[in-house]
$ cat model.tsv   # TSV, C-alpha atoms
chain	number	residue	atom	x	y	z
A	1	MET	CA	7.30	23.45	-31.92
A	2	ASN	CA	8.88	20.07	-32.60
A	3	LYS	CA	6.63	17.67	-34.48
A	4	LEU	CA	6.17	14.05	-33.45
A	5	LYS	CA	3.99	11.47	-35.14
A	6	ALA	CA	2.38	8.78	-33.01
A	7	SER	CA	2.36	5.17	-34.15
A	8	GLN	CA	0.33	2.19	-33.03
A	9	LEU	CA	1.37	0.65	-29.73
A	10	SER	CA	2.62	-2.93	-29.63
A	11	GLN	CA	5.09	-4.83	-27.47
A	12	ASP	CA	7.55	-4.91	-30.35
A	13	VAL	CA	7.86	-1.14	-30.49
A	14	PHE	CA	7.44	-0.53	-26.74
A	15	GLY	CA	9.93	-3.18	-25.64
A	16	GLU	CA	12.59	-1.23	-23.81
A	17	TYR	CA	10.17	1.11	-22.04
A	18	GLY	CA	8.03	-1.48	-20.25
A	19	GLN	CA	5.19	-3.85	-21.02
A	20	VAL	CA	2.09	-3.61	-23.17
A	21	ILE	CA	-0.77	-5.09	-21.14
A	22	GLN	CA	-3.17	-7.05	-23.31
A	23	LYS	CA	-4.63	-10.50	-23.74
A	24	GLY	CA	-3.28	-11.00	-27.24
A	25	GLY	CA	0.07	-12.75	-27.16
A	26	ALA	CA	0.04	-13.27	-23.39
A	27	LYS	CA	0.70	-16.56	-21.65
A	28	SER	CA	-2.75	-17.90	-20.80
A	29	PHE	CA	-4.42	-20.94	-19.29
A	30	PRO	CA	-7.93	-22.01	-18.29
A	31	ILE	CA	-9.11	-21.77	-14.68
A	32	ASN	CA	-12.37	-22.52	-12.85
A	33	ALA	CA	-13.10	-25.68	-14.83
A	34	GLY	CA	-12.62	-23.89	-18.11
A	35	ASN	CA	-15.10	-21.09	-17.44
A	36	CYS	CA	-12.33	-18.50	-17.29
A	37	THR	CA	-9.09	-17.81	-19.08
A	38	ARG	CA	-6.25	-16.29	-17.13
A	39	TYR	CA	-3.77	-14.12	-19.04
A	40	HIS	CA	-1.02	-14.45	-16.52
A	41	ASP	CA	1.52	-12.13	-14.94
A	42	LEU	CA	1.51	-9.31	-17.49
A	43	VAL	CA	3.36	-6.60	-15.58
A	44	THR	CA	6.83	-6.26	-14.09
A	45	ILE	CA	6.00	-4.50	-10.83
A	46	ASP	CA	9.22	-2.81	-9.76
A	47	VAL	CA	9.06	-0.83	-6.53
A	48	THR	CA	12.07	0.16	-4.48
A	49	GLY	CA	13.12	2.46	-1.65
A	50	GLU	CA	12.29	2.88	2.00
A	51	GLU	CA	8.96	1.50	3.20
A	52	CYS	CA	7.93	0.92	-0.40
A	53	ARG	CA	4.93	-1.12	-1.50
A	54	PRO	CA	2.90	-1.46	-4.68
A	55	ILE	CA	-0.54	0.12	-4.57
A	56	VAL	CA	-3.67	-0.07	-6.70
A	57	SER	CA	-5.59	3.12	-7.53
A	58	ILE	CA	-8.13	4.31	-10.06
A	59	VAL	CA	-7.25	7.39	-12.10
A	60	SER	CA	-9.96	9.17	-14.05
A	61	GLY	CA	-8.74	11.56	-16.75
A	62	LYS	CA	-10.18	14.18	-19.07
A	63	PRO	CA	-9.65	13.55	-22.78
A	64	TYR	CA	-7.28	15.45	-25.05
A	65	ASP	CA	-7.67	16.16	-28.76
A	66	LEU	CA	-4.90	15.42	-31.21
A	67	PRO	CA	-2.60	17.13	-31.92
A	68	VAL	CA	-1.49	17.29	-28.28
A	69	GLU	CA	1.18	19.63	-27.05
A	70	VAL	CA	3.75	17.84	-24.88
A	71	PRO	CA	5.85	20.41	-23.00
A	72	MET	CA	7.39	18.00	-20.51
A	73	VAL	CA	7.99	14.43	-19.46
A	74	GLU	CA	8.42	12.92	-16.02
A	75	ARG	CA	9.86	9.80	-14.45
A	76	HIS	CA	9.54	7.92	-11.19
A	77	PRO	CA	12.85	6.73	-9.74
A	78	PHE	CA	11.25	4.43	-7.18
A	79	GLY	CA	8.58	2.59	-9.11
A	80	SER	CA	7.02	1.25	-12.26
A	81	GLN	CA	3.57	2.53	-13.18
A	82	ALA	CA	0.89	0.45	-14.90
A	83	PHE	CA	-2.17	1.98	-16.57
A	84	ILE	CA	-4.96	-0.39	-17.57
A	85	PRO	CA	-8.08	1.20	-19.07
A	86	THR	CA	-11.47	0.09	-17.77
A	87	GLY	CA	-13.13	1.02	-21.05
A	88	ASN	CA	-12.31	1.07	-24.73
A	89	ASN	CA	-11.04	4.63	-25.01
A	90	ARG	CA	-7.56	4.88	-26.45
A	91	PHE	CA	-4.75	6.90	-24.89
A	92	LEU	CA	-1.51	8.46	-25.98
A	93	VAL	CA	1.79	7.23	-24.55
A	94	VAL	CA	4.95	9.33	-24.93
A	95	VAL	CA	8.26	7.89	-23.76
A	96	CYS	CA	11.92	8.90	-24.04
A	97	ARG	CA	15.29	7.27	-23.68
A	98	ASP	CA	17.55	8.70	-20.99
A	99	VAL	CA	21.06	9.97	-21.61
A	100	ASP	CA	22.83	11.22	-18.50
A	101	GLY	CA	19.59	12.29	-16.83
A	102	VAL	CA	18.18	13.99	-19.91
A	103	PRO	CA	15.21	12.59	-21.88
A	104	VAL	CA	16.02	12.16	-25.57
A	105	GLU	CA	14.42	10.68	-28.69
A	106	PRO	CA	10.76	10.98	-27.69
A	107	LYS	CA	8.45	8.40	-29.18
A	108	ALA	CA	4.68	8.55	-29.23
A	109	PHE	CA	2.27	5.61	-29.34
A	110	ILE	CA	-1.49	5.34	-29.47
A	111	THR	CA	-3.04	2.34	-27.76
A	112	SER	CA	-5.61	0.07	-29.33
A	113	PRO	CA	-8.90	-0.18	-27.41
A	114	GLY	CA	-8.33	-2.18	-24.23
A	115	GLN	CA	-4.53	-2.06	-24.28
A	116	GLY	CA	-2.69	-0.90	-21.20
A	117	VAL	CA	0.94	-0.15	-20.51
A	118	ASN	CA	3.34	-0.60	-17.66
A	119	ILE	CA	6.02	2.06	-17.76
A	120	ALA	CA	9.22	0.70	-16.30
A	121	ARG	CA	10.79	2.36	-13.28
A	122	ASN	CA	12.66	5.56	-14.11
A	123	VAL	CA	11.56	5.68	-17.76
A	124	TRP	CA	10.73	9.19	-18.96
A	125	HIS	CA	7.10	9.51	-20.06
A	126	GLY	CA	4.36	11.99	-20.75
A	127	ILE	CA	1.42	12.53	-18.43
A	128	LEU	CA	-1.69	10.38	-18.78
A	129	THR	CA	-3.40	11.44	-22.02
A	130	PRO	CA	-6.78	9.82	-22.75
A	131	LEU	CA	-8.02	10.44	-26.28
A	132	ASP	CA	-11.61	9.44	-26.84
A	133	GLY	CA	-13.49	10.62	-23.77
A	134	GLN	CA	-13.34	10.73	-19.99
A	135	SER	CA	-11.40	7.56	-19.14
A	136	ASP	CA	-10.77	5.51	-16.04
A	137	PHE	CA	-7.63	3.47	-15.51
A	138	VAL	CA	-6.58	0.89	-12.97
A	139	VAL	CA	-3.14	2.10	-11.89
A	140	VAL	CA	-0.58	-0.10	-10.16
A	141	ASP	CA	2.33	1.94	-8.88
A	142	TRP	CA	4.35	2.89	-5.84
A	143	ALA	CA	3.93	4.15	-2.32
A	144	GLY	CA	6.81	4.75	0.07
A	145	LYS	CA	9.17	7.34	1.46
A	146	GLY	CA	10.86	9.95	-0.69
A	147	VAL	CA	10.16	12.05	-3.75
A	148	ASN	CA	9.21	9.72	-6.58
A	149	LEU	CA	8.93	12.35	-9.31
A	150	GLU	CA	11.41	14.01	-11.62
A	151	GLU	CA	10.21	16.40	-14.32
A	152	HIS	CA	11.92	17.64	-17.46
A	153	PHE	CA	10.57	20.54	-19.52
A	154	PHE	CA	11.71	20.54	-23.15
A	155	GLU	CA	13.35	23.68	-24.51
A	156	THR	CA	10.95	23.34	-27.44
A	157	PRO	CA	7.69	21.52	-26.74
A	158	TYR	CA	6.54	18.67	-28.97
A	159	GLN	CA	3.34	18.63	-30.92
A	160	VAL	CA	2.13	15.03	-31.20
A	161	SER	CA	-0.30	14.02	-33.90
B	162	MET	CA	-30.13	-27.27	-1.86
B	163	ASN	CA	-29.51	-24.43	0.60
B	164	LYS	CA	-30.95	-21.12	-0.54
B	165	LEU	CA	-28.97	-17.88	-0.33
B	166	LYS	CA	-30.17	-14.43	-1.39
B	167	ALA	CA	-27.60	-12.00	-2.76
B	168	SER	CA	-27.64	-8.39	-1.63
B	169	GLN	CA	-26.02	-5.30	-3.11
B	170	LEU	CA	-22.29	-4.98	-2.49
B	171	SER	CA	-20.95	-2.06	-0.48
B	172	GLN	CA	-17.96	-1.56	1.80
B	173	ASP	CA	-20.27	-1.50	4.80
B	174	VAL	CA	-21.46	-5.04	4.21
B	175	PHE	CA	-18.16	-6.38	2.81
B	176	GLY	CA	-15.95	-4.92	5.57
B	177	GLU	CA	-14.40	-7.98	7.16
B	178	TYR	CA	-13.80	-9.84	3.91
B	179	GLY	CA	-11.68	-7.24	2.10
B	180	GLN	CA	-12.16	-4.03	0.17
B	181	VAL	CA	-14.72	-2.84	-2.32
B	182	ILE	CA	-12.83	-1.10	-5.13
B	183	GLN	CA	-14.68	1.93	-6.41
B	184	LYS	CA	-14.29	5.67	-6.86
B	185	GLY	CA	-17.25	6.56	-4.66
B	186	GLY	CA	-16.13	7.17	-1.10
B	187	ALA	CA	-12.42	6.76	-1.89
B	188	LYS	CA	-9.71	9.20	-0.87
B	189	SER	CA	-9.06	11.25	-4.00
B	190	PHE	CA	-7.02	14.19	-5.19
B	191	PRO	CA	-6.29	15.98	-8.49
B	192	ILE	CA	-3.13	15.23	-10.47
B	193	ASN	CA	-1.70	16.44	-13.78
B	194	ALA	CA	-2.74	20.06	-13.25
B	195	GLY	CA	-6.28	19.07	-12.49
B	196	ASN	CA	-6.87	17.03	-15.65
B	197	CYS	CA	-7.06	13.77	-13.69
B	198	THR	CA	-8.45	12.62	-10.40
B	199	ARG	CA	-6.62	9.91	-8.53
B	200	TYR	CA	-8.67	7.62	-6.27
B	201	HIS	CA	-5.77	6.51	-4.18
B	202	ASP	CA	-4.57	3.24	-2.70
B	203	LEU	CA	-7.80	1.25	-2.79
B	204	VAL	CA	-6.50	-2.26	-2.15
B	205	THR	CA	-4.66	-3.95	0.69
B	206	ILE	CA	-2.24	-6.10	-1.26
B	207	ASP	CA	-1.23	-8.89	1.13
B	208	VAL	CA	1.22	-11.45	-0.24
B	209	THR	CA	3.33	-13.73	1.89
B	210	GLY	CA	5.49	-16.85	1.68
B	211	GLU	CA	8.67	-17.87	-0.04
B	212	GLU	CA	9.69	-15.90	-3.14
B	213	CYS	CA	6.31	-14.20	-3.14
B	214	ARG	CA	5.40	-11.16	-5.22
B	215	PRO	CA	2.20	-9.49	-6.31
B	216	ILE	CA	1.30	-9.96	-9.96
B	217	VAL	CA	-1.14	-8.36	-12.40
B	218	SER	CA	-3.15	-10.54	-14.77
B	219	ILE	CA	-6.28	-10.30	-16.87
B	220	VAL	CA	-8.98	-12.91	-16.32
B	221	SER	CA	-11.77	-13.29	-18.84
B	222	GLY	CA	-14.82	-15.20	-17.65
B	223	LYS	CA	-18.00	-16.66	-19.09
B	224	PRO	CA	-21.24	-15.35	-17.60
B	225	TYR	CA	-23.57	-17.25	-15.28
B	226	ASP	CA	-27.34	-16.91	-14.97
B	227	LEU	CA	-29.01	-16.44	-11.61
B	228	PRO	CA	-29.83	-18.53	-9.70
B	229	VAL	CA	-26.26	-19.87	-9.53
B	230	GLU	CA	-25.35	-23.11	-7.84
B	231	VAL	CA	-22.37	-22.73	-5.50
B	232	PRO	CA	-21.05	-26.16	-4.56
B	233	MET	CA	-17.74	-24.99	-3.12
B	234	VAL	CA	-15.61	-22.12	-1.92
B	235	GLU	CA	-11.87	-21.69	-1.95
B	236	ARG	CA	-9.24	-19.62	-0.20
B	237	HIS	CA	-5.66	-18.54	-0.82
B	238	PRO	CA	-3.44	-18.78	2.26
B	239	PHE	CA	-0.60	-16.80	0.71
B	240	GLY	CA	-2.29	-13.85	-0.91
B	241	SER	CA	-5.12	-11.38	-1.35
B	242	GLN	CA	-6.87	-11.34	-4.69
B	243	ALA	CA	-8.32	-8.23	-6.33
B	244	PHE	CA	-10.82	-8.33	-9.20
B	245	ILE	CA	-11.50	-5.08	-11.02
B	246	PRO	CA	-13.86	-5.28	-14.01
B	247	THR	CA	-12.83	-3.56	-17.24
B	248	GLY	CA	-16.45	-3.15	-18.28
B	249	ASN	CA	-19.82	-2.53	-16.67
B	250	ASN	CA	-20.94	-6.14	-16.26
B	251	ARG	CA	-21.82	-7.04	-12.69
B	252	PHE	CA	-20.52	-10.11	-10.90
B	253	LEU	CA	-21.49	-12.26	-7.95
B	254	VAL	CA	-19.27	-12.43	-4.87
B	255	VAL	CA	-19.75	-15.21	-2.31
B	256	VAL	CA	-17.71	-15.13	0.89
B	257	CYS	CA	-17.71	-17.08	4.15
B	258	ARG	CA	-16.36	-16.65	7.65
B	259	ASP	CA	-13.90	-19.29	8.82
B	260	VAL	CA	-14.32	-21.34	11.96
B	261	ASP	CA	-11.47	-23.76	12.62
B	262	GLY	CA	-10.73	-24.21	8.94
B	263	VAL	CA	-14.35	-24.61	7.89
B	264	PRO	CA	-16.25	-21.97	5.88
B	265	VAL	CA	-19.49	-20.93	7.59
B	266	GLU	CA	-22.23	-18.35	7.15
B	267	PRO	CA	-21.94	-17.78	3.40
B	268	LYS	CA	-22.94	-14.36	2.19
B	269	ALA	CA	-23.61	-13.37	-1.40
B	270	PHE	CA	-23.23	-9.92	-2.93
B	271	ILE	CA	-23.86	-8.53	-6.38
B	272	THR	CA	-21.61	-5.71	-7.52
B	273	SER	CA	-22.83	-2.48	-9.05
B	274	PRO	CA	-21.44	-1.78	-12.53
B	275	GLY	CA	-17.78	-0.82	-12.24
B	276	GLN	CA	-17.27	-2.04	-8.68
B	277	GLY	CA	-14.40	-4.40	-7.94
B	278	VAL	CA	-13.42	-6.33	-4.84
B	279	ASN	CA	-10.23	-7.30	-3.12
B	280	ILE	CA	-10.68	-10.52	-1.21
B	281	ALA	CA	-8.41	-10.57	1.79
B	282	ARG	CA	-5.81	-13.29	2.17
B	283	ASN	CA	-7.24	-16.59	3.37
B	284	VAL	CA	-10.89	-15.51	3.15
B	285	TRP	CA	-13.19	-18.23	1.81
B	286	HIS	CA	-14.87	-17.16	-1.45
B	287	GLY	CA	-16.68	-18.50	-4.47
B	288	ILE	CA	-15.09	-18.68	-7.89
B	289	LEU	CA	-15.30	-15.70	-10.24
B	290	THR	CA	-18.93	-15.41	-11.35
B	291	PRO	CA	-19.67	-12.74	-13.98
B	292	LEU	CA	-23.37	-12.10	-14.49
B	293	ASP	CA	-24.18	-9.97	-17.53
B	294	GLY	CA	-21.90	-11.26	-20.28
B	295	GLN	CA	-18.36	-12.32	-21.04
B	296	SER	CA	-16.33	-10.16	-18.64
B	297	ASP	CA	-12.70	-9.18	-18.27
B	298	PHE	CA	-11.10	-8.35	-14.95
B	299	VAL	CA	-7.78	-6.90	-13.92
B	300	VAL	CA	-6.59	-9.28	-11.22
B	301	VAL	CA	-3.91	-8.42	-8.67
B	302	ASP	CA	-2.86	-11.47	-6.71
B	303	TRP	CA	0.05	-13.65	-5.73
B	304	ALA	CA	2.94	-15.55	-7.25
B	305	GLY	CA	5.44	-17.53	-5.23
B	306	LYS	CA	6.37	-20.96	-3.93
B	307	GLY	CA	3.84	-23.34	-2.47
B	308	VAL	CA	0.22	-24.35	-2.93
B	309	ASN	CA	-1.90	-21.23	-2.61
B	310	LEU	CA	-5.29	-22.92	-2.87
B	311	GLU	CA	-7.57	-24.65	-0.41
B	312	GLU	CA	-11.00	-25.85	-1.49
B	313	HIS	CA	-14.07	-26.73	0.54
B	314	PHE	CA	-17.08	-28.53	-0.94
B	315	PHE	CA	-20.32	-27.99	0.96
B	316	GLU	CA	-22.28	-31.05	2.05
B	317	THR	CA	-25.29	-29.32	0.57
B	318	PRO	CA	-24.63	-26.84	-2.24
B	319	TYR	CA	-26.06	-23.33	-2.11
B	320	GLN	CA	-28.38	-21.88	-4.68
B	321	VAL	CA	-27.78	-18.14	-4.88
B	322	SER	CA	-30.39	-15.82	-6.32

$ encode --input "model.tsv" --output "structure tokens"
Amino acid sequence: MNKLKASQLSQDVFGEYGQVIQKGGAKSFPINAGNCTRYHDLVTIDVTGEECRPIVSIVSGKPYDLPVEVPMVERHPFGSQAFIPTGNNRFLVVVCRDVDGVPVEPKAFITSPGQGVNIARNVWHGILTPLDGQSDFVVVDWAGKGVNLEEHFFETPYQVS
Amino acid sequence: MNKLKASQLSQDVFGEYGQVIQKGGAKSFPINAGNCTRYHDLVTIDVTGEECRPIVSIVSGKPYDLPVEVPMVERHPFGSQAFIPTGNNRFLVVVCRDVDGVPVEPKAFITSPGQGVNIARNVWHGILTPLDGQSDFVVVDWAGKGVNLEEHFFETPYQVS
């Protein structure tokens, strides 16, 4: 089993894979006579293909214990995919660079409580992996025509800790 | 001051104004080999106008105490607006029917913990009104060209309890 060590998620380290969704560091301004602060336009929604549209769903996932075995990654050729937790449980994010259709150089990140991520269209990533308990996420992704899923199983799975 | 009594939010009572966003009653199916449940496509995102696109933001609001004075409502001619809480604090939702550009028949609803709402495009509504404490919301609404805000101040404000 290949070993992979997760590091703390931040926009600096996640840059090429998408956006970290958080209030800290975001462009913000007051609304409603100063009673609210709006952290504005945090996600690059990128949906493409026939009859495509962005959709909003809730995904509720069982937790995993570290170390986590990661046998595969997947990607979505037609759309970005944002995961925003509705609680403070952390989750694990695994992403890879692509070289000629093959995922390489996997990296693993653990979110801070409240952080979300938007995984850019066609970026290889692991499945949703909550860490601290049953976790709900607001998900903004794609609906449309066609098969929006490609999977890659590693010859040797990764063990992420 | 006009008096208005809030009732509990549900899709049955909110029907014409938009969607209640919740797991209960939603179309759902398992994903990720049964480790997650996806409550699918809960929001009618409706954005229109020049250079328009849906955006995702976080809005953090100060709480109000009931009874709340509601002097005005607003509407957004170019886009729907979804509010999904990232915690269990409830919030107050005030909506009105429109008759010839004038908001009439205000109704007030209080969410159950975890419930969100999507306010349909051009539906008159009160400003974001968290009830139980400082509250963060995932907001899915509109960006584009033009003025996407119309306000109406009531001759006599409403007191909502």

$ closest_residue --input "model.tsv" --among "B:Gln169, B:Asn193, B:Gln242, B:Asn249" --to "Thr205 of chain B" --atoms "only C-alpha atoms"
B:Gln242

$ residues_around --input "model.tsv" --residues "Ala269 of chain B" --least-positions-apart "3" --cutoff "6 Å" --atoms "all atoms listed in the file" --output "PDB file with C-alpha atoms, keeping the file's coordinate frame"
ATOM      1  CA  ALA B 167     -27.600 -12.000  -2.760  1.00  0.00           C
ATOM      2  CA  VAL B 254     -19.270 -12.430  -4.870  1.00  0.00           C
ATOM      3  CA  VAL B 255     -19.750 -15.210  -2.310  1.00  0.00           C
TER       4      VAL B 255
END

$ residues_around --input "model.tsv" --residues "segment 208-214 of chain B" --least-positions-apart "2" --cutoff "10 Å" --atoms "all atoms listed in the file" --output "PDB file with C-alpha atoms, in the frame of the given file"
ATOM      1  CA  ILE A  45       6.000  -4.500 -10.830  1.00  0.00           C
TER       2      ILE A  45
ATOM      3  CA  THR B 205      -4.660  -3.950   0.690  1.00  0.00           C
ATOM      4  CA  ILE B 206      -2.240  -6.100  -1.260  1.00  0.00           C
ATOM      5  CA  ILE B 216       1.300  -9.960  -9.960  1.00  0.00           C
ATOM      6  CA  HIS B 237      -5.660 -18.540  -0.820  1.00  0.00           C
ATOM      7  CA  PRO B 238      -3.440 -18.780   2.260  1.00  0.00           C
ATOM      8  CA  PHE B 239      -0.600 -16.800   0.710  1.00  0.00           C
ATOM      9  CA  GLY B 240      -2.290 -13.850  -0.910  1.00  0.00           C
ATOM     10  CA  SER B 241      -5.120 -11.380  -1.350  1.00  0.00           C
ATOM     11  CA  GLN B 242      -6.870 -11.340  -4.690  1.00  0.00           C
ATOM     12  CA  ALA B 281      -8.410 -10.570   1.790  1.00  0.00           C
ATOM     13  CA  ARG B 282      -5.810 -13.290   2.170  1.00  0.00           C
ATOM     14  CA  ASP B 302      -2.860 -11.470  -6.710  1.00  0.00           C
ATOM     15  CA  TRP B 303       0.050 -13.650  -5.730  1.00  0.00           C
ATOM     16  CA  ALA B 304       2.940 -15.550  -7.250  1.00  0.00           C
ATOM     17  CA  GLY B 305       5.440 -17.530  -5.230  1.00  0.00           C
ATOM     18  CA  LYS B 306       6.370 -20.960  -3.930  1.00  0.00           C
ATOM     19  CA  GLY B 307       3.840 -23.340  -2.470  1.00  0.00           C
ATOM     20  CA  ASN B 309      -1.900 -21.230  -2.610  1.00  0.00           C
TER      21      ASN B 309
END

$ closest_residue --input "model.tsv" --among "B:Lys188, B:Lys223, B:His286, B:Lys166" --to "Arg258 of chain B" --atoms "all atoms listed in the file"
B:His286

$ residues_near_point --input "model.tsv" --point "(-26.3, -22.5, -7.9)" --cutoff "10 Å" --atoms "only C-alpha atoms" --output "short mmCIF file (atom, residue, chain, number, x, y, z; two decimals) with C-alpha atoms, keeping the file's coordinate frame"
data_model
loop_
_atom_site.label_atom_id
_atom_site.label_comp_id
_atom_site.auth_asym_id
_atom_site.auth_seq_id
_atom_site.Cartn_x
_atom_site.Cartn_y
_atom_site.Cartn_z
CA MET B 162 -30.13 -27.27 -1.86
CA ASN B 163 -29.51 -24.43 0.60
CA LYS B 164 -30.95 -21.12 -0.54
CA LEU B 165 -28.97 -17.88 -0.33
CA TYR B 225 -23.57 -17.25 -15.28
CA ASP B 226 -27.34 -16.91 -14.97
CA LEU B 227 -29.01 -16.44 -11.61
CA PRO B 228 -29.83 -18.53 -9.70
CA VAL B 229 -26.26 -19.87 -9.53
CA GLU B 230 -25.35 -23.11 -7.84
CA VAL B 231 -22.37 -22.73 -5.50
CA PRO B 232 -21.05 -26.16 -4.56
CA PRO B 318 -24.63 -26.84 -2.24
CA TYR B 319 -26.06 -23.33 -2.11
CA GLN B 320 -28.38 -21.88 -4.68
CA VAL B 321 -27.78 -18.14 -4.88
CA SER B 322 -30.39 -15.82 -6.32
#

$ interface_residues --input "model.tsv" --of "chain B" --to "chain A" --cutoff "6 Å" --atoms "all atoms listed in the file" --output "ChimeraX atom specification"
/B:196-204,216-223,247-248

$ atom_distance --input "model.tsv" --atom1 "atom CA of Phe252 of chain B" --atom2 "atom CA of Thr111 of chain A"
27.3 Å

$ atom_distance --input "model.tsv" --atom1 "atom CA of Ile280 of chain B" --atom2 "atom CA of Val117 of chain A"
24.8 Å

$ build_atoms --input "model.tsv" --residues "segment 183-199 of chain B" --atoms "N, CA and C atoms" --output "CSV table (one decimal), in the coordinates of the input"
chain,number,residue,atom,x,y,z
B,183,GLN,N,-13.8,1.0,-5.7
B,183,GLN,CA,-14.7,1.9,-6.4
B,183,GLN,C,-14.2,3.4,-6.2
B,184,LYS,N,-14.6,4.3,-7.0
B,184,LYS,CA,-14.3,5.7,-6.9
B,184,LYS,C,-15.1,6.3,-5.7
B,185,GLY,N,-16.4,6.0,-5.7
B,185,GLY,CA,-17.2,6.6,-4.7
B,185,GLY,C,-16.8,6.3,-3.3
B,186,GLY,N,-16.6,7.3,-2.5
B,186,GLY,CA,-16.1,7.2,-1.1
B,186,GLY,C,-14.6,7.0,-0.9
B,187,ALA,N,-13.9,6.9,-2.0
B,187,ALA,CA,-12.4,6.8,-1.9
B,187,ALA,C,-11.7,8.1,-1.6
B,188,LYS,N,-10.6,8.0,-1.0
B,188,LYS,CA,-9.7,9.2,-0.9
B,188,LYS,C,-9.2,9.6,-2.3
B,189,SER,N,-9.4,10.8,-2.6
B,189,SER,CA,-9.1,11.2,-4.0
B,189,SER,C,-8.4,12.6,-4.0
B,190,PHE,N,-7.6,12.9,-5.0
B,190,PHE,CA,-7.0,14.2,-5.2
B,190,PHE,C,-6.7,14.4,-6.7
B,191,PRO,N,-6.6,15.7,-7.1
B,191,PRO,CA,-6.3,16.0,-8.5
B,191,PRO,C,-4.8,15.8,-8.8
B,192,ILE,N,-4.5,15.3,-10.0
B,192,ILE,CA,-3.1,15.2,-10.5
B,192,ILE,C,-3.1,15.8,-11.9
B,193,ASN,N,-1.9,15.9,-12.4
B,193,ASN,CA,-1.7,16.4,-13.8
B,193,ASN,C,-2.4,17.8,-14.0
B,194,ALA,N,-2.2,18.7,-13.1
B,194,ALA,CA,-2.7,20.1,-13.2
B,194,ALA,C,-4.3,20.0,-13.3
B,195,GLY,N,-4.8,19.1,-12.6
B,195,GLY,CA,-6.3,19.1,-12.5
B,195,GLY,C,-7.0,18.3,-13.6
B,196,ASN,N,-6.2,17.8,-14.6
B,196,ASN,CA,-6.9,17.0,-15.6
B,196,ASN,C,-7.3,15.6,-15.3
B,197,CYS,N,-6.7,15.1,-14.2
B,197,CYS,CA,-7.1,13.8,-13.7
B,197,CYS,C,-7.4,13.8,-12.2
B,198,THR,N,-8.2,12.8,-11.8
B,198,THR,CA,-8.4,12.6,-10.4
B,198,THR,C,-7.9,11.2,-10.0
B,199,ARG,N,-7.2,11.2,-9.0
B,199,ARG,CA,-6.6,9.9,-8.5
B,199,ARG,C,-7.4,9.4,-7.3
